[in-house]
Amino acid sequence: MSILIDQDTSMLIIGITGKQGRIHCKRTLESGTKLLAGVAPGKGGQEVEGVPVFNTVAEAREKFPEITAAMLIVPKQFVHDAAIAALDEGIRLLVIITEFVPVMDALHIVNHAKQTGARVVGPNTIGVISPGKAKIGIMPDYIYGQGHIGIISRSGTLTHETASNLTFKGYGLSTCVGIGGDSIIGMNHADVLEYFAEDDDTDAIVIIGEIGGTSEEMAAAKIKELGLKKPVYAYIAGMCAPENKRMGHAGAIVSGGMGTVKSKVAALEEAGVTVCPTLGKIVENIAEYNMRTNGRLQTLKPQID
(Lines give C-alpha, C1' and ligand atoms only; values in the text may rest on other atoms or scores of the structure.)
Protein backbone atom coordinates (compact mmCIF):
# COMPACT_ATOMS: atom_id res chain seq x y z
CA MET A 1 0.00 0.00 0.00
CA SER A 2 0.85 3.69 0.00
CA ILE A 3 -1.10 6.86 0.67
CA LEU A 4 -2.68 9.38 -1.72
CA ILE A 5 -1.16 7.88 -4.89
CA ASP A 6 -0.11 4.47 -6.16
CA GLN A 7 0.62 2.59 -9.40
CA ASP A 8 -3.03 2.89 -10.45
CA THR A 9 -3.19 6.70 -10.13
CA SER A 10 -3.88 8.49 -13.41
CA MET A 11 -2.99 12.18 -13.60
CA LEU A 12 -2.67 15.27 -15.76
CA ILE A 13 -0.48 18.37 -15.64
CA ILE A 14 -2.10 21.81 -15.70
CA GLY A 15 0.39 24.16 -17.35
CA ILE A 16 2.11 21.41 -19.31
CA THR A 17 3.23 23.63 -22.22
CA GLY A 18 5.21 26.04 -20.03
CA LYS A 19 8.94 25.65 -19.46
CA GLN A 20 8.55 23.91 -16.11
CA GLY A 21 5.55 21.96 -17.31
CA ARG A 22 7.56 20.48 -20.17
CA ILE A 23 10.50 19.60 -17.92
CA HIS A 24 8.36 17.84 -15.35
CA CYS A 25 6.20 16.15 -17.97
CA LYS A 26 9.31 14.35 -19.17
CA ARG A 27 10.47 13.50 -15.66
CA THR A 28 7.03 12.29 -14.62
CA LEU A 29 6.87 9.95 -17.59
CA GLU A 30 10.36 8.66 -16.80
CA SER A 31 9.20 7.81 -13.27
CA GLY A 32 6.57 5.45 -14.66
CA THR A 33 3.60 7.47 -13.45
CA LYS A 34 0.41 7.28 -15.51
CA LEU A 35 0.51 10.80 -16.97
CA LEU A 36 -2.28 10.72 -19.52
CA ALA A 37 -2.93 14.35 -20.44
CA GLY A 38 -1.96 17.96 -20.10
CA VAL A 39 -4.02 21.14 -19.93
CA ALA A 40 -3.14 24.56 -21.35
CA PRO A 41 -5.86 26.98 -22.54
CA GLY A 42 -5.53 27.68 -26.23
CA LYS A 43 -2.99 24.91 -26.74
CA GLY A 44 -5.43 22.05 -27.25
CA GLY A 45 -4.38 19.58 -29.94
CA GLN A 46 -0.65 19.89 -29.24
CA GLU A 47 1.52 17.23 -27.61
CA VAL A 48 4.32 17.40 -25.04
CA GLU A 49 6.56 14.32 -24.94
CA GLY A 50 3.74 12.44 -26.65
CA VAL A 51 1.19 13.50 -24.01
CA PRO A 52 -1.95 15.05 -25.56
CA VAL A 53 -2.78 18.63 -24.54
CA PHE A 54 -6.34 19.83 -23.96
CA ASN A 55 -7.77 23.31 -23.48
CA THR A 56 -9.59 22.41 -20.25
CA VAL A 57 -9.63 19.76 -17.54
CA ALA A 58 -13.18 18.93 -18.62
CA GLU A 59 -11.98 18.04 -22.12
CA ALA A 60 -9.12 15.95 -20.74
CA ARG A 61 -11.40 14.01 -18.39
CA GLU A 62 -13.93 13.45 -21.14
CA LYS A 63 -11.20 11.66 -23.08
CA PHE A 64 -9.63 10.05 -19.99
CA PRO A 65 -12.31 9.72 -17.28
CA GLU A 66 -9.92 7.68 -15.12
CA ILE A 67 -7.91 10.83 -14.36
CA THR A 68 -8.57 11.92 -10.78
CA ALA A 69 -5.28 13.64 -9.87
CA ALA A 70 -3.50 16.70 -11.20
CA MET A 71 -0.29 18.66 -10.79
CA LEU A 72 -0.75 22.40 -11.17
CA ILE A 73 2.32 24.35 -12.25
CA VAL A 74 1.26 27.78 -13.52
CA PRO A 75 2.14 31.37 -12.50
CA LYS A 76 0.59 32.38 -9.17
CA GLN A 77 -1.91 34.82 -10.73
CA PHE A 78 -3.51 31.95 -12.64
CA VAL A 79 -3.55 29.37 -9.83
CA HIS A 80 -6.97 30.25 -8.39
CA ASP A 81 -9.03 29.89 -11.55
CA ALA A 82 -7.11 26.82 -12.71
CA ALA A 83 -7.49 25.10 -9.34
CA ILE A 84 -11.21 25.83 -8.98
CA ALA A 85 -11.87 24.59 -12.52
CA ALA A 86 -9.94 21.38 -11.84
CA LEU A 87 -11.83 20.70 -8.61
CA ASP A 88 -15.16 21.41 -10.31
CA GLU A 89 -14.31 18.95 -13.07
CA GLY A 90 -13.66 15.96 -10.83
CA ILE A 91 -10.02 16.23 -9.76
CA ARG A 92 -9.84 14.73 -6.28
CA LEU A 93 -6.13 15.16 -5.57
CA LEU A 94 -4.69 18.52 -6.61
CA VAL A 95 -0.98 19.15 -6.09
CA ILE A 96 -0.15 22.86 -6.38
CA ILE A 97 3.56 23.38 -7.06
CA THR A 98 3.40 27.18 -7.45
CA GLU A 99 4.67 29.23 -4.50
CA PHE A 100 3.44 32.49 -2.98
CA VAL A 101 -0.16 32.02 -4.09
CA PRO A 102 -2.19 35.01 -2.80
CA VAL A 103 -3.64 34.22 0.62
CA MET A 104 -7.28 34.79 -0.27
CA ASP A 105 -6.89 32.69 -3.43
CA ALA A 106 -5.38 29.84 -1.41
CA LEU A 107 -8.15 30.08 1.21
CA HIS A 108 -10.82 29.86 -1.46
CA ILE A 109 -9.14 26.88 -3.11
CA VAL A 110 -8.78 24.97 0.17
CA ASN A 111 -12.36 25.66 1.20
CA HIS A 112 -13.65 24.71 -2.22
CA ALA A 113 -11.73 21.44 -2.07
CA LYS A 114 -13.45 20.59 1.23
CA GLN A 115 -16.83 21.24 -0.35
CA THR A 116 -16.06 18.95 -3.29
CA GLY A 117 -14.48 16.20 -1.18
CA ALA A 118 -11.06 16.72 -2.75
CA ARG A 119 -7.59 16.94 -1.21
CA VAL A 120 -5.14 19.73 -1.93
CA VAL A 121 -1.38 19.40 -1.40
CA GLY A 122 0.42 22.75 -1.38
CA PRO A 123 0.74 25.46 -2.57
CA ASN A 124 4.55 25.78 -2.63
CA THR A 125 5.17 22.04 -2.53
CA ILE A 126 7.50 19.56 -4.19
CA GLY A 127 4.51 17.21 -4.34
CA VAL A 128 3.85 13.59 -3.43
CA ILE A 129 5.82 10.46 -4.26
CA SER A 130 5.23 6.79 -3.53
CA PRO A 131 8.59 5.41 -4.67
CA GLY A 132 8.41 2.70 -7.30
CA LYS A 133 4.72 3.42 -7.87
CA ALA A 134 3.98 7.03 -8.83
CA LYS A 135 4.84 10.64 -8.24
CA ILE A 136 2.90 13.86 -8.66
CA GLY A 137 5.58 16.43 -8.08
CA ILE A 138 8.96 17.81 -9.00
CA MET A 139 11.29 15.73 -6.83
CA PRO A 140 14.18 13.73 -8.32
CA ASP A 141 12.68 10.26 -7.84
CA TYR A 142 16.03 8.42 -8.05
CA ILE A 143 16.92 9.48 -4.49
CA TYR A 144 13.64 8.13 -3.11
CA GLY A 145 14.00 4.39 -2.51
CA GLN A 146 10.96 2.17 -1.94
CA GLY A 147 10.29 0.92 1.57
CA HIS A 148 8.35 1.47 4.79
CA ILE A 149 9.09 4.98 6.11
CA GLY A 150 6.66 7.83 5.54
CA ILE A 151 7.82 11.46 5.38
CA ILE A 152 5.71 14.58 5.96
CA SER A 153 7.56 17.82 5.33
CA ARG A 154 7.15 21.57 4.88
CA SER A 155 10.55 21.93 3.20
CA GLY A 156 11.32 20.54 -0.21
CA THR A 157 15.08 20.73 0.19
CA LEU A 158 15.04 19.02 3.60
CA THR A 159 12.76 16.32 2.20
CA HIS A 160 15.26 15.59 -0.55
CA GLU A 161 18.12 15.47 1.93
CA THR A 162 16.27 13.19 4.34
CA ALA A 163 15.03 10.86 1.60
CA SER A 164 18.53 10.66 0.15
CA ASN A 165 20.11 9.97 3.55
CA LEU A 166 17.63 7.21 4.34
CA THR A 167 17.82 5.64 0.88
CA PHE A 168 21.63 5.76 0.94
CA LYS A 169 21.60 3.78 4.20
CA GLY A 170 19.08 1.26 2.86
CA TYR A 171 15.90 2.52 4.53
CA GLY A 172 13.24 2.86 1.86
CA LEU A 173 10.17 5.08 1.83
CA SER A 174 6.47 4.31 1.52
CA THR A 175 5.19 7.79 0.62
CA CYS A 176 6.66 11.27 0.99
CA VAL A 177 4.30 14.25 1.16
CA GLY A 178 5.58 17.80 0.85
CA ILE A 179 2.73 19.73 2.45
CA GLY A 180 4.08 23.09 1.28
CA GLY A 181 5.64 26.20 2.75
CA ASP A 182 3.05 28.88 2.05
CA SER A 183 1.02 30.38 4.90
CA ILE A 184 -2.21 28.78 3.64
CA ILE A 185 -1.97 25.16 2.50
CA GLY A 186 -4.29 22.23 1.97
CA MET A 187 -3.22 19.10 3.85
CA ASN A 188 -1.14 19.67 6.99
CA HIS A 189 1.02 17.33 9.07
CA ALA A 190 -1.97 16.08 11.07
CA ASP A 191 -4.02 15.30 7.95
CA VAL A 192 -1.23 13.20 6.47
CA LEU A 193 -0.57 11.46 9.80
CA GLU A 194 -4.11 10.07 9.72
CA TYR A 195 -3.36 8.39 6.40
CA PHE A 196 -0.03 7.00 7.58
CA ALA A 197 -1.65 5.66 10.75
CA GLU A 198 -3.88 3.44 8.61
CA ASP A 199 -1.26 2.47 6.03
CA ASP A 200 0.03 -1.08 6.49
CA ASP A 201 3.08 -0.28 4.38
CA THR A 202 4.26 2.53 6.66
CA ASP A 203 6.05 1.33 9.80
CA ALA A 204 7.74 4.56 10.86
CA ILE A 205 7.06 8.25 10.24
CA VAL A 206 9.35 11.25 9.84
CA ILE A 207 8.05 14.78 10.40
CA ILE A 208 10.08 17.68 9.06
CA GLY A 209 8.87 21.05 10.25
CA GLU A 210 10.09 24.57 10.73
CA ILE A 211 9.40 27.62 12.82
CA GLY A 212 6.10 29.40 12.22
CA GLY A 213 2.55 28.18 11.97
CA THR A 214 0.93 25.49 14.09
CA SER A 215 1.06 22.45 11.83
CA GLU A 216 3.55 20.59 14.01
CA GLU A 217 1.59 21.30 17.21
CA MET A 218 -1.54 20.03 15.45
CA ALA A 219 0.39 16.91 14.46
CA ALA A 220 1.31 16.31 18.10
CA ALA A 221 -2.34 16.60 19.10
CA LYS A 222 -3.34 14.18 16.34
CA ILE A 223 -0.75 11.60 17.47
CA LYS A 224 -2.25 11.65 20.96
CA GLU A 225 -5.79 11.55 19.60
CA LEU A 226 -5.02 8.52 17.42
CA GLY A 227 -3.00 6.77 20.10
CA LEU A 228 -0.45 6.21 17.34
CA LYS A 229 1.86 3.28 18.05
CA LYS A 230 4.18 3.69 15.07
CA PRO A 231 7.46 5.45 15.92
CA VAL A 232 7.60 9.08 14.86
CA TYR A 233 10.80 11.08 14.43
CA ALA A 234 10.87 14.84 13.92
CA TYR A 235 13.24 17.62 12.99
CA ILE A 236 12.31 21.29 13.32
CA ALA A 237 14.30 23.70 11.14
CA GLY A 238 15.08 27.19 12.39
CA MET A 239 16.37 26.36 15.86
CA CYS A 240 18.95 29.13 15.64
CA ALA A 241 16.85 31.66 13.71
CA PRO A 242 16.93 35.15 15.24
CA GLU A 243 13.66 36.58 16.53
CA ASN A 244 11.60 38.70 14.13
CA LYS A 245 13.70 37.50 11.18
CA ARG A 246 11.81 37.07 7.91
CA MET A 247 12.32 33.50 6.70
CA GLY A 248 12.12 31.97 3.23
CA HIS A 249 8.73 30.31 3.59
CA ALA A 250 5.62 32.45 3.82
CA GLY A 251 4.36 30.09 6.52
CA ALA A 252 7.39 30.66 8.78
CA ILE A 253 5.63 33.23 10.96
CA VAL A 254 5.69 33.02 14.76
CA SER A 255 2.73 34.51 16.65
CA GLY A 256 0.76 34.19 19.85
CA GLY A 257 3.31 32.01 21.64
CA MET A 258 2.89 29.23 19.09
CA GLY A 259 5.07 28.45 16.12
CA THR A 260 8.35 28.66 17.98
CA VAL A 261 10.86 25.84 18.04
CA LYS A 262 10.35 25.52 21.78
CA SER A 263 6.57 25.16 21.51
CA LYS A 264 6.81 22.63 18.69
CA VAL A 265 9.45 20.49 20.39
CA ALA A 266 7.52 20.49 23.67
CA ALA A 267 4.27 19.46 21.99
CA LEU A 268 5.90 16.71 19.94
CA GLU A 269 7.89 15.27 22.82
CA GLU A 270 4.77 15.23 24.99
CA ALA A 271 3.11 13.16 22.25
CA GLY A 272 5.95 10.62 22.36
CA VAL A 273 7.80 11.83 19.26
CA THR A 274 11.58 11.55 19.14
CA VAL A 275 12.72 15.06 18.24
CA CYS A 276 16.13 15.05 16.55
CA PRO A 277 18.62 17.94 16.66
CA THR A 278 19.86 17.18 13.13
CA LEU A 279 18.67 15.36 10.03
CA GLY A 280 21.51 12.89 10.49
CA LYS A 281 20.17 11.99 13.91
CA ILE A 282 16.92 10.86 12.26
CA VAL A 283 18.85 8.22 10.34
CA GLU A 284 20.70 7.12 13.49
CA ASN A 285 17.46 6.73 15.46
CA ILE A 286 15.82 4.81 12.63
CA ALA A 287 18.85 2.51 12.47
CA GLU A 288 18.49 1.79 16.19
CA TYR A 289 14.76 1.08 15.80
CA ASN A 290 15.49 -1.13 12.79
CA MET A 291 17.85 -3.27 14.86
CA ARG A 292 15.21 -3.70 17.57
CA THR A 293 12.61 -4.82 15.01
CA ASN A 294 14.72 -7.37 13.12
CA GLY A 295 15.38 -5.22 10.07
CA ARG A 296 11.82 -4.42 9.00
CA LEU A 297 12.75 -0.90 7.84
CA GLN A 298 15.90 -1.80 5.92
CA THR A 299 14.52 -2.74 2.51
CA LEU A 300 17.39 -1.65 0.27
CA LYS A 301 21.05 -2.57 0.02
CA PRO A 302 23.05 0.19 1.73
CA GLN A 303 25.32 2.11 -0.61
CA ILE A 304 27.99 2.43 2.09
CA ASP A 305 29.07 0.20 4.97
# chains A, B, ... in the order shown; residues from 1 in each chain; ligands from 1
call {"tool": "select_by_dssp", "arguments": {"residues": "stretch 44-288 of chain A", "states": "alpha helix (DSSP H)", "output": "count of residues only"}}
result
89
call {"tool": "closest_atom_pairs", "arguments": {"of": "stretch 178-250 of chain A", "to": "stretch 151-157 of chain A", "cutoff": "10 Å", "atoms": "only C-alpha atoms", "output": "JSON lines"}}
result
{"residue": "A:Gly178", "atom": "CA", "partner": "A:Ser153", "partner_atom": "CA", "distance": 4.9}
{"residue": "A:Ile179", "atom": "CA", "partner": "A:Arg154", "partner_atom": "CA", "distance": 5.4}
{"residue": "A:Gly180", "atom": "CA", "partner": "A:Arg154", "partner_atom": "CA", "distance": 5.0}
{"residue": "A:Gly181", "atom": "CA", "partner": "A:Arg154", "partner_atom": "CA", "distance": 5.3}
{"residue": "A:Asp182", "atom": "CA", "partner": "A:Arg154", "partner_atom": "CA", "distance": 8.8}
{"residue": "A:Asn188", "atom": "CA", "partner": "A:Ile152", "partner_atom": "CA", "distance": 8.6}
{"residue": "A:His189", "atom": "CA", "partner": "A:Ile152", "partner_atom": "CA", "distance": 6.3}
{"residue": "A:Ala190", "atom": "CA", "partner": "A:Ile152", "partner_atom": "CA", "distance": 9.3}
{"residue": "A:Asp191", "atom": "CA", "partner": "A:Ile152", "partner_atom": "CA", "distance": 10.0}
{"residue": "A:Val192", "atom": "CA", "partner": "A:Ile152", "partner_atom": "CA", "distance": 7.1}
{"residue": "A:Leu193", "atom": "CA", "partner": "A:Ile152", "partner_atom": "CA", "distance": 8.0}
{"residue": "A:Phe196", "atom": "CA", "partner": "A:Ile151", "partner_atom": "CA", "distance": 9.3}
{"residue": "A:Thr202", "atom": "CA", "partner": "A:Ile151", "partner_atom": "CA", "distance": 9.7}
{"residue": "A:Ala204", "atom": "CA", "partner": "A:Ile151", "partner_atom": "CA", "distance": 8.8}
{"residue": "A:Ile205", "atom": "CA", "partner": "A:Ile151", "partner_atom": "CA", "distance": 5.9}
{"residue": "A:Val206", "atom": "CA", "partner": "A:Ile151", "partner_atom": "CA", "distance": 4.7}
{"residue": "A:Ile207", "atom": "CA", "partner": "A:Ile152", "partner_atom": "CA", "distance": 5.0}
{"residue": "A:Ile208", "atom": "CA", "partner": "A:Ser153", "partner_atom": "CA", "distance": 4.5}
{"residue": "A:Gly209", "atom": "CA", "partner": "A:Arg154", "partner_atom": "CA", "distance": 5.7}
{"residue": "A:Glu210", "atom": "CA", "partner": "A:Arg154", "partner_atom": "CA", "distance": 7.2}
{"residue": "A:Ser215", "atom": "CA", "partner": "A:Arg154", "partner_atom": "CA", "distance": 9.3}
{"residue": "A:Glu216", "atom": "CA", "partner": "A:Arg154", "partner_atom": "CA", "distance": 9.9}
{"residue": "A:Val232", "atom": "CA", "partner": "A:Ile151", "partner_atom": "CA", "distance": 9.8}
{"residue": "A:Tyr233", "atom": "CA", "partner": "A:Ile151", "partner_atom": "CA", "distance": 9.5}
{"residue": "A:Ala234", "atom": "CA", "partner": "A:Ile152", "partner_atom": "CA", "distance": 9.5}
{"residue": "A:Tyr235", "atom": "CA", "partner": "A:Ser153", "partner_atom": "CA", "distance": 9.5}
{"residue": "A:Ile236", "atom": "CA", "partner": "A:Arg154", "partner_atom": "CA", "distance": 9.9}
{"residue": "A:Ala237", "atom": "CA", "partner": "A:Ser155", "partner_atom": "CA", "distance": 9.0}
{"residue": "A:His249", "atom": "CA", "partner": "A:Ser155", "partner_atom": "CA", "distance": 8.6}
call {"tool": "closest_residue", "arguments": {"among": "A:Gly122, A:Glu89, A:Ser183, A:Leu72", "to": "A:Gly18", "atoms": "only C-alpha atoms"}}
result
A:Leu72
call {"tool": "residues_around", "arguments": {"residues": "stretch 283-289 of chain A", "least_positions_apart": "2", "cutoff": "12 Å", "atoms": "only C-alpha atoms", "output": "ChimeraX atom specification"}}
result
/A:148-150,161-172,203-206,230-235,273-281,291-298,302
call {"tool": "residues_around", "arguments": {"residues": "A:Ala58", "least_positions_apart": "5", "cutoff": "9 Å", "atoms": "only C-alpha atoms", "output": "NGL selection string"}}
result
:A and (63 or 85-86 or 88-90)
call {"tool": "residues_around", "arguments": {"residues": "A:Ile129", "least_positions_apart": "2", "cutoff": "7 Å", "atoms": "only C-alpha atoms", "output": "PyMOL selection string"}}
result
chain A and resi 127+131+134-136+175-177
call {"tool": "closest_residue", "arguments": {"among": "A:Ile13, A:Val103, A:Ile84, A:Ala197", "to": "A:Thr116", "atoms": "only C-alpha atoms"}}
result
A:Ile84
call {"tool": "residues_around", "arguments": {"residues": "stretch 30-35 of chain A", "least_positions_apart": "2", "cutoff": "6 Å", "atoms": "only C-alpha atoms", "output": "list in words"}}
result
Ser10, Met11, Leu12, Arg27, Thr28 and Ala134 of chain A
call {"tool": "write_last_selection", "arguments": {"atoms": "N, CA, C and O atoms", "output": "CSV table (one decimal), in the first residue's frame"}}
result
chain,number,residue,atom,x,y,z
A,10,SER,N,-4.0,7.8,-12.1
A,10,SER,CA,-3.9,8.5,-13.4
A,10,SER,C,-4.0,10.0,-13.2
A,10,SER,O,-4.8,10.5,-12.4
A,11,MET,N,-3.1,10.7,-13.9
A,11,MET,CA,-3.0,12.2,-13.6
A,11,MET,C,-2.9,13.0,-14.9
A,11,MET,O,-2.7,12.5,-16.0
A,12,LEU,N,-3.0,14.3,-14.7
A,12,LEU,CA,-2.7,15.3,-15.8
A,12,LEU,C,-1.9,16.4,-15.2
A,12,LEU,O,-1.8,16.6,-14.0
A,27,ARG,N,10.0,14.2,-16.9
A,27,ARG,CA,10.5,13.5,-15.7
A,27,ARG,C,9.4,12.6,-15.0
A,27,ARG,O,9.7,11.6,-14.5
A,28,THR,N,8.1,13.1,-15.1
A,28,THR,CA,7.0,12.3,-14.6
A,28,THR,C,6.9,11.0,-15.4
A,28,THR,O,6.7,9.9,-14.9
A,134,ALA,N,4.4,5.8,-8.1
A,134,ALA,CA,4.0,7.0,-8.8
A,134,ALA,C,4.5,8.3,-8.1
A,134,ALA,O,4.9,8.2,-6.9
call {"tool": "atom_distance", "arguments": {"atom1": "atom CA of A:Gly227", "atom2": "atom CA of A:Asp199"}}
result
14.8 Å
call {"tool": "decode", "arguments": {"residues": "stretch 144-169 of chain A", "atoms": "N, CA and C atoms", "output": "JSON list (two decimals), in the first residue's frame"}}
result
[["chain", "number", "residue", "atom", "x", "y", "z"],
["A", 144, "TYR", "N", 14.72, 8.59, -3.97],
["A", 144, "TYR", "CA", 13.64, 8.13, -3.11],
["A", 144, "TYR", "C", 13.46, 6.62, -3.29],
["A", 145, "GLY", "N", 14.10, 5.84, -2.42],
["A", 145, "GLY", "CA", 14.00, 4.39, -2.51],
["A", 145, "GLY", "C", 12.69, 3.88, -1.92],
["A", 146, "GLN", "N", 12.25, 2.73, -2.37],
["A", 146, "GLN", "CA", 10.96, 2.17, -1.94],
["A", 146, "GLN", "C", 11.12, 1.39, -0.65],
["A", 147, "GLY", "N", 10.22, 1.63, 0.29],
["A", 147, "GLY", "CA", 10.29, 0.92, 1.57],
["A", 147, "GLY", "C", 9.14, 1.23, 2.49],
["A", 148, "HIS", "N", 9.42, 1.43, 3.79],
["A", 148, "HIS", "CA", 8.35, 1.47, 4.79],
["A", 148, "HIS", "C", 8.39, 2.68, 5.72],
["A", 149, "ILE", "N", 9.04, 3.77, 5.31],
["A", 149, "ILE", "CA", 9.09, 4.98, 6.11],
["A", 149, "ILE", "C", 8.33, 6.08, 5.40],
["A", 150, "GLY", "N", 7.41, 6.72, 6.11],
["A", 150, "GLY", "CA", 6.66, 7.83, 5.54],
["A", 150, "GLY", "C", 7.27, 9.16, 5.97],
["A", 151, "ILE", "N", 7.28, 10.12, 5.07],
["A", 151, "ILE", "CA", 7.82, 11.46, 5.38],
["A", 151, "ILE", "C", 6.73, 12.50, 5.14],
["A", 152, "ILE", "N", 6.59, 13.42, 6.10],
["A", 152, "ILE", "CA", 5.71, 14.58, 5.96],
["A", 152, "ILE", "C", 6.57, 15.82, 6.19],
["A", 153, "SER", "N", 6.59, 16.73, 5.22],
["A", 153, "SER", "CA", 7.56, 17.82, 5.33],
["A", 153, "SER", "C", 7.03, 19.13, 4.76],
["A", 154, "ARG", "N", 7.45, 20.23, 5.40],
["A", 154, "ARG", "CA", 7.15, 21.57, 4.88],
["A", 154, "ARG", "C", 8.23, 22.05, 3.92],
["A", 155, "SER", "N", 9.41, 21.47, 3.99],
["A", 155, "SER", "CA", 10.55, 21.93, 3.20],
["A", 155, "SER", "C", 10.91, 20.93, 2.11],
["A", 156, "GLY", "N", 10.93, 21.41, 0.88],
["A", 156, "GLY", "CA", 11.32, 20.54, -0.21],
["A", 156, "GLY", "C", 12.77, 20.10, -0.12],
["A", 157, "THR", "N", 13.66, 21.05, 0.13],
["A", 157, "THR", "CA", 15.08, 20.73, 0.19],
["A", 157, "THR", "C", 15.39, 19.73, 1.30],
["A", 158, "LEU", "N", 14.79, 19.93, 2.48],
["A", 158, "LEU", "CA", 15.04, 19.02, 3.60],
["A", 158, "LEU", "C", 14.40, 17.65, 3.35],
["A", 159, "THR", "N", 13.34, 17.61, 2.58],
["A", 159, "THR", "CA", 12.76, 16.32, 2.20],
["A", 159, "THR", "C", 13.72, 15.55, 1.32],
["A", 160, "HIS", "N", 14.28, 16.23, 0.33],
["A", 160, "HIS", "CA", 15.26, 15.59, -0.55],
["A", 160, "HIS", "C", 16.44, 15.05, 0.25],
["A", 161, "GLU", "N", 16.95, 15.88, 1.16],
["A", 161, "GLU", "CA", 18.12, 15.47, 1.93],
["A", 161, "GLU", "C", 17.80, 14.26, 2.81],
["A", 162, "THR", "N", 16.65, 14.29, 3.46],
["A", 162, "THR", "CA", 16.27, 13.19, 4.34],
["A", 162, "THR", "C", 16.02, 11.91, 3.55],
["A", 163, "ALA", "N", 15.30, 12.03, 2.44],
["A", 163, "ALA", "CA", 15.03, 10.86, 1.60],
["A", 163, "ALA", "C", 16.33, 10.26, 1.08],
["A", 164, "SER", "N", 17.26, 11.13, 0.65],
["A", 164, "SER", "CA", 18.53, 10.66, 0.15],
["A", 164, "SER", "C", 19.34, 9.97, 1.24],
["A", 165, "ASN", "N", 19.37, 10.57, 2.43],
["A", 165, "ASN", "CA", 20.11, 9.97, 3.55],
["A", 165, "ASN", "C", 19.57, 8.60, 3.90],
["A", 166, "LEU", "N", 18.25, 8.48, 3.98],
["A", 166, "LEU", "CA", 17.63, 7.21, 4.34],
["A", 166, "LEU", "C", 17.85, 6.16, 3.25],
["A", 167, "THR", "N", 17.64, 6.57, 2.00],
["A", 167, "THR", "CA", 17.82, 5.64, 0.88],
["A", 167, "THR", "C", 19.26, 5.16, 0.80],
["A", 168, "PHE", "N", 20.20, 6.08, 1.00],
["A", 168, "PHE", "CA", 21.63, 5.76, 0.94],
["A", 168, "PHE", "C", 22.02, 4.70, 1.97],
["A", 169, "LYS", "N", 21.33, 4.73, 3.12],
["A", 169, "LYS", "CA", 21.60, 3.78, 4.20],
["A", 169, "LYS", "C", 20.75, 2.51, 4.09]]
